[in-house]
Amino acid sequence: MTNWKITGIIATIVIILSIPAYLLQQKYRQQPAVSPPATTFVGGQKCAECHKREHDRWRGSHHDHAMDEANAKTVLGNFNNVHFEYFGVTSRFYQQDGRFFVYTRGPDGQMGDFEIKYTFGAYPLQQYLVPFPGGRLQCLPIAWDVKGNKWFHLYPDAPIDPGDWLYWTNAGQNWNGMCAECHSTNLKKNYDLNTNTYQTTWSEIDVSCEACHGPGSLHVAWAELPDMARPVVENFRLMVKTSGINSRDQVELCAPCHSRRAILGDYTHAEPDLMDTMLPSLLDEGLYFVDGQIHDEVYVYGSFTQSKMYGRDVRCSDCHDVHSIKTVKAGNDLCLQCHRASVYDTKDHHFHKKEGEKGEPIKSADGKVLFKVGTGAQCAQCHMPGRYYMGNDYRPDHSFRIPRPDLSMRLDTPNACNRCHVDQSDQWSDQYITRWYGPGRRAHYGTVIDAGRKRLPDAYKELGRLAGDPLYPVIVRATALSLLRSYSPAQSAAACELALMDDEALIRRTAVDRLNVRDSKRQTAHLTSALYDPVKAVRTEAARRMTEIPNPPLDSSQKTAYQKALAEYQSSMEYSADFAFGRYNLGNLFSNLNQPDKAVDNYRAAIRIDNQFYPAKVNLAMLYNETGRKNEAEVLLREVVAAHAELHEVQYSLGLLLAEKKKFEEAARYLSAAAAGLPQRSRVQYNLGLLLQIVRRDAEAEAALLAALEIEPDNLDYLYALADHYLKKQKFTQARQIAEQMIVRHPENSIGREILNFINQQSVSYTH
């Protein structure tokens, strides 16, 4: 019986027989780092001296109001001694000596007075930040609804327990780690994991000029030279190039903030590749629907990169003024910059009444107007259906997709039609789409992602095809590749090996993360080559995977690359050590490096940060089990199974542990649940069969062993276990059949012939 462990959190036919390691190293070997010239931040007011027009457009924008000190001008909420009730708790907002306060539940649920130091955002809601010891700023969960002119709670459905990670004084609502980097300029988090404190700094409190253009001191010094003395220089001596760039570069300029991602360190503006500073999230369950539509807050980038517009070089500034952030045109005029009005802004295309035409608005069951006449004629309503986040913040999906109610029927995804026509079905919408545009729909990658999420047995074929097809968006291909983790090495290795040579860093990084080649030498060679990748997110992931290989055979150059990339990885995780995932990944790292004490410390820290972060509990339990602390391991695994009955792998681990502790009946219960939840996992069925023999549930044991053998008919262990089972029950006919299979399938092994000889001897003895 083996234990299970959770690993770390992140039109051309090509035939590849082998990828020599030296070729990979030659392609990805890093160039010597070039230190950028020393430059400092000067502040937006300095920029405004020459760039007044741009600065004026920026004033009053969302970026300008991203964060402010709390004062009479910036605070929008009503602090005139007003009360707000939430599940029996009454909070009071008031002012005292020109300062702003709230009396509400604080740490441990105790009522107290807390001063508001900063405002956070300005429309459609405004949040407020409260200082706490250790340099922390925490986001108050009661926000001001600017449109509704009222207080509201960000979690209206149920009160959050003070011990929960999401409770407002805990890590889930911590400004320093969760929010700060995208709301201020030149933000340095400065988290110290040893003291669990912050010394967070910024050069400007809001998102000002240098948040996008980079530090400007060299540019200012150049601009202040006399005209005749001012040399022609690259990019006007600004670190970040923002004009004369291609669409991808501009989109990636916005991506560090406008994306769902993991941060690898403070943003310095000097990183040559987007993935030197961040790791974009894939189309993961909980973040995106299977067809790629937004589900959770994903901040535009991952959606936009799925769009045909992105594929055809449309960029952010084609729709948004980069300084005011407002759209450059209103309504359909925005889209008609590129799309012909005579074709697309007509009833023949959208089949809806325009604003001003007669008709009845769409209302809810209680009579409230949901959508006015003319809504359906707006391009954005059909091609950018959005969702509400943070209570009242409506955010459109930027993947600009065609409404597909047929996919809604197949994949249980939302569609733009039923967003307005809430009283109708997906089938009703699909009938109208078919009537208007004719039958037949293009295949969609959502069906492949759906099959992969469900771990359907043959889905690996389409996942591999999708991952390798350059005609699909990179984020889609990387997602398909990531879903191959649920399949065997034989089913996934070829796609991952091919992806290691992809031009896209996100594909390569995903391939490194998912690579699982049966040949250990080949696995080592691939990972060693990836240590030389020019992109930080790729080479650091290769270093992490290398720690899974005991004493990898490396030459001196490879050892240097390995140690350097490993140090980068550790530094990135220490940067995020205020999050449970950061400490968890450090725990995995030290566990792989055979430093169990450090691993335990980090797993425990992850659990302290978020007691519901079950991966840390599972891996800590595995480590406890390996070091003989089985009782502590059992407690942790029971906690996880009680909270997450759907985690069949953890049920499997708990069952194995209980079997080791000779709690056989209880172990059989958990292994049975695991086997039911993981019907294609032959090893689970096999272990269940062995355990059921011990508790004398013979018929069930036979069924489990037969199930394992059906999945892997050639497995000698399974054949032997079933033959042994029949022999113990003196079912010699069945045992003979299995022994004969063993001889045919494994002629080089004598065990089948030995069993057959034993059966023959028993037959002779019975005849006498």
# chains A, B, ... in the order shown; residues from 1 in each chain; ligands from 1
call {"tool": "closest_atom_pairs", "arguments": {"of": "stretch 512-620 of chain A", "to": "stretch 192-204 of chain A", "cutoff": "8 Å", "atoms": "only C-alpha atoms", "output": "CSV"}}
result
residue,atom,partner,partner_atom,distance
A:Glu574,CA,A:Leu193,CA,7.1
A:Ala577,CA,A:Leu193,CA,6.3
A:Asp578,CA,A:Leu193,CA,7.1
call {"tool": "select_by_dssp", "arguments": {"residues": "stretch 336-460 of chain A", "states": "alpha helix (DSSP H)", "output": "PyMOL selection string"}}
result
chain A and resi 341-344+347-350+379-383+405-411+416-420+426-437+445-453+459-460
call {"tool": "select_by_dssp", "arguments": {"residues": "stretch 124-260 of chain A", "states": "strand (DSSP E or B)", "output": "ChimeraX atom specification"}}
result
/A:125-132,136-139,142-145,150-153,174,185,188,191-192,197-198,201,204
call {"tool": "closest_residue", "arguments": {"among": "A:Gly376, A:Pro713, A:Gly292, A:Gly106", "to": "A:Pro414", "atoms": "only C-alpha atoms"}}
result
A:Gly292
call {"tool": "residues_around", "arguments": {"residues": "A:Gly311", "least_positions_apart": "4", "cutoff": "10 Å", "atoms": "only C-alpha atoms", "output": "list in words"}}
result
Ser247, Arg248, Phe304, Thr305, Gln306, Ser307, Arg315, Leu471, Tyr472 and Pro473 of chain A
call {"tool": "write_last_selection", "arguments": {"atoms": "all heavy atoms", "output": "CSV table (one decimal), in the first residue's frame"}}
result
chain,number,residue,atom,x,y,z
A,247,SER,N,0.5,45.0,-30.1
A,247,SER,CA,-0.7,44.9,-29.2
A,247,SER,C,-0.4,44.0,-28.0
A,247,SER,O,-0.9,44.2,-26.9
A,247,SER,CB,-1.9,44.3,-30.0
A,247,SER,OG,-1.6,43.1,-30.6
A,248,ARG,N,0.3,42.9,-28.2
A,248,ARG,CA,0.6,42.0,-27.1
A,248,ARG,C,1.4,42.7,-26.0
A,248,ARG,O,1.1,42.5,-24.8
A,248,ARG,CB,1.3,40.7,-27.6
A,248,ARG,CG,1.8,39.8,-26.5
A,248,ARG,CD,2.2,38.5,-27.0
A,248,ARG,NE,2.7,37.7,-25.9
A,248,ARG,CZ,2.8,36.3,-25.9
A,248,ARG,NH1,2.6,35.7,-27.1
A,248,ARG,NH2,3.2,35.7,-24.9
A,304,PHE,N,-9.6,38.3,-22.2
A,304,PHE,CA,-9.3,39.0,-23.4
A,304,PHE,C,-8.4,38.2,-24.3
A,304,PHE,O,-8.5,38.2,-25.5
A,304,PHE,CB,-8.7,40.4,-23.1
A,304,PHE,CG,-8.5,41.2,-24.4
A,304,PHE,CD1,-9.5,41.5,-25.2
A,304,PHE,CD2,-7.2,41.7,-24.7
A,304,PHE,CE1,-9.3,42.3,-26.4
A,304,PHE,CE2,-7.0,42.4,-25.8
A,304,PHE,CZ,-8.0,42.7,-26.7
A,305,THR,N,-7.5,37.4,-23.7
A,305,THR,CA,-6.5,36.6,-24.5
A,305,THR,C,-7.2,35.4,-25.2
A,305,THR,O,-6.6,34.8,-26.0
A,305,THR,CB,-5.4,36.1,-23.6
A,305,THR,OG1,-5.9,35.4,-22.5
A,305,THR,CG2,-4.5,37.3,-23.1
A,306,GLN,N,-8.4,35.1,-24.8
A,306,GLN,CA,-9.2,34.1,-25.5
A,306,GLN,C,-9.9,34.7,-26.7
A,306,GLN,O,-10.4,33.9,-27.6
A,306,GLN,CB,-10.3,33.5,-24.6
A,306,GLN,CG,-9.8,32.8,-23.3
A,306,GLN,CD,-11.0,32.3,-22.5
A,306,GLN,OE1,-11.8,31.5,-22.9
A,306,GLN,NE2,-11.1,32.9,-21.3
A,307,SER,N,-10.0,36.0,-26.8
A,307,SER,CA,-10.9,36.6,-27.9
A,307,SER,C,-10.2,36.6,-29.2
A,307,SER,O,-9.0,36.6,-29.4
A,307,SER,CB,-11.2,38.0,-27.5
A,307,SER,OG,-10.0,38.8,-27.5
A,315,ARG,N,-5.9,46.0,-29.1
A,315,ARG,CA,-5.3,46.3,-27.8
A,315,ARG,C,-6.2,47.1,-26.9
A,315,ARG,O,-7.2,47.6,-27.4
A,315,ARG,CB,-4.0,47.0,-28.1
A,315,ARG,CG,-4.1,48.3,-28.7
A,315,ARG,CD,-2.8,48.9,-29.1
A,315,ARG,NE,-2.2,48.2,-30.2
A,315,ARG,CZ,-0.9,48.3,-30.6
A,315,ARG,NH1,-0.1,49.2,-30.0
A,315,ARG,NH2,-0.4,47.6,-31.6
A,471,LEU,N,-3.5,27.2,-33.2
A,471,LEU,CA,-4.6,28.0,-33.6
A,471,LEU,C,-5.5,28.4,-32.5
A,471,LEU,O,-6.4,29.3,-32.7
A,471,LEU,CB,-5.4,27.3,-34.7
A,471,LEU,CG,-4.7,27.0,-36.0
A,471,LEU,CD1,-5.6,26.3,-37.0
A,471,LEU,CD2,-4.1,28.3,-36.6
A,472,TYR,N,-5.3,27.8,-31.3
A,472,TYR,CA,-6.2,28.1,-30.2
A,472,TYR,C,-5.4,29.1,-29.3
A,472,TYR,O,-4.2,29.2,-29.2
A,472,TYR,CB,-6.5,26.9,-29.4
A,472,TYR,CG,-7.6,26.1,-30.1
A,472,TYR,CD1,-7.3,25.0,-31.0
A,472,TYR,CD2,-9.0,26.3,-29.9
A,472,TYR,CE1,-8.3,24.3,-31.6
A,472,TYR,CE2,-10.0,25.6,-30.5
A,472,TYR,CZ,-9.6,24.6,-31.4
A,472,TYR,OH,-10.6,23.9,-32.0
A,473,PRO,N,-6.2,29.9,-28.4
A,473,PRO,CA,-5.5,30.8,-27.5
A,473,PRO,C,-4.6,30.1,-26.6
A,473,PRO,O,-4.8,28.9,-26.2
A,473,PRO,CB,-6.7,31.4,-26.7
A,473,PRO,CG,-7.9,31.2,-27.6
A,473,PRO,CD,-7.6,30.0,-28.4
call {"tool": "atom_distance", "arguments": {"atom1": "atom CA of A:Leu279", "atom2": "atom CA of A:Asn186"}}
result
19.6 Å
call {"tool": "residues_around", "arguments": {"residues": "stretch 234-240 of chain A", "least_positions_apart": "4", "cutoff": "10 Å", "atoms": "only C-alpha atoms", "output": "list in words"}}
result
Pro36, Pro37, Thr39, Glu210, Ala211, Cys212, His213, Gly214, Pro215, Gly216, Ser217, Leu218, His219, Val220, Ala221, Trp222, Ala223, Gly244, Leu253, Thr268, His269, Ala270 and Glu271 of chain A
call {"tool": "residues_around", "arguments": {"residues": "A:Gln427", "least_positions_apart": "5", "cutoff": "9 Å", "atoms": "only C-alpha atoms", "output": "list in words"}}
result
Pro405, Asp406, Ser408, Met409 and Tyr432 of chain A
call {"tool": "closest_residue", "arguments": {"among": "A:Asp276, A:Asp513, A:Asp426, A:Asp164", "to": "A:Gln612", "atoms": "only C-alpha atoms"}}
result
A:Asp164
call {"tool": "atom_distance", "arguments": {"atom1": "atom CA of A:Glu548", "atom2": "atom CA of A:Ala494"}}
result
20.5 Å
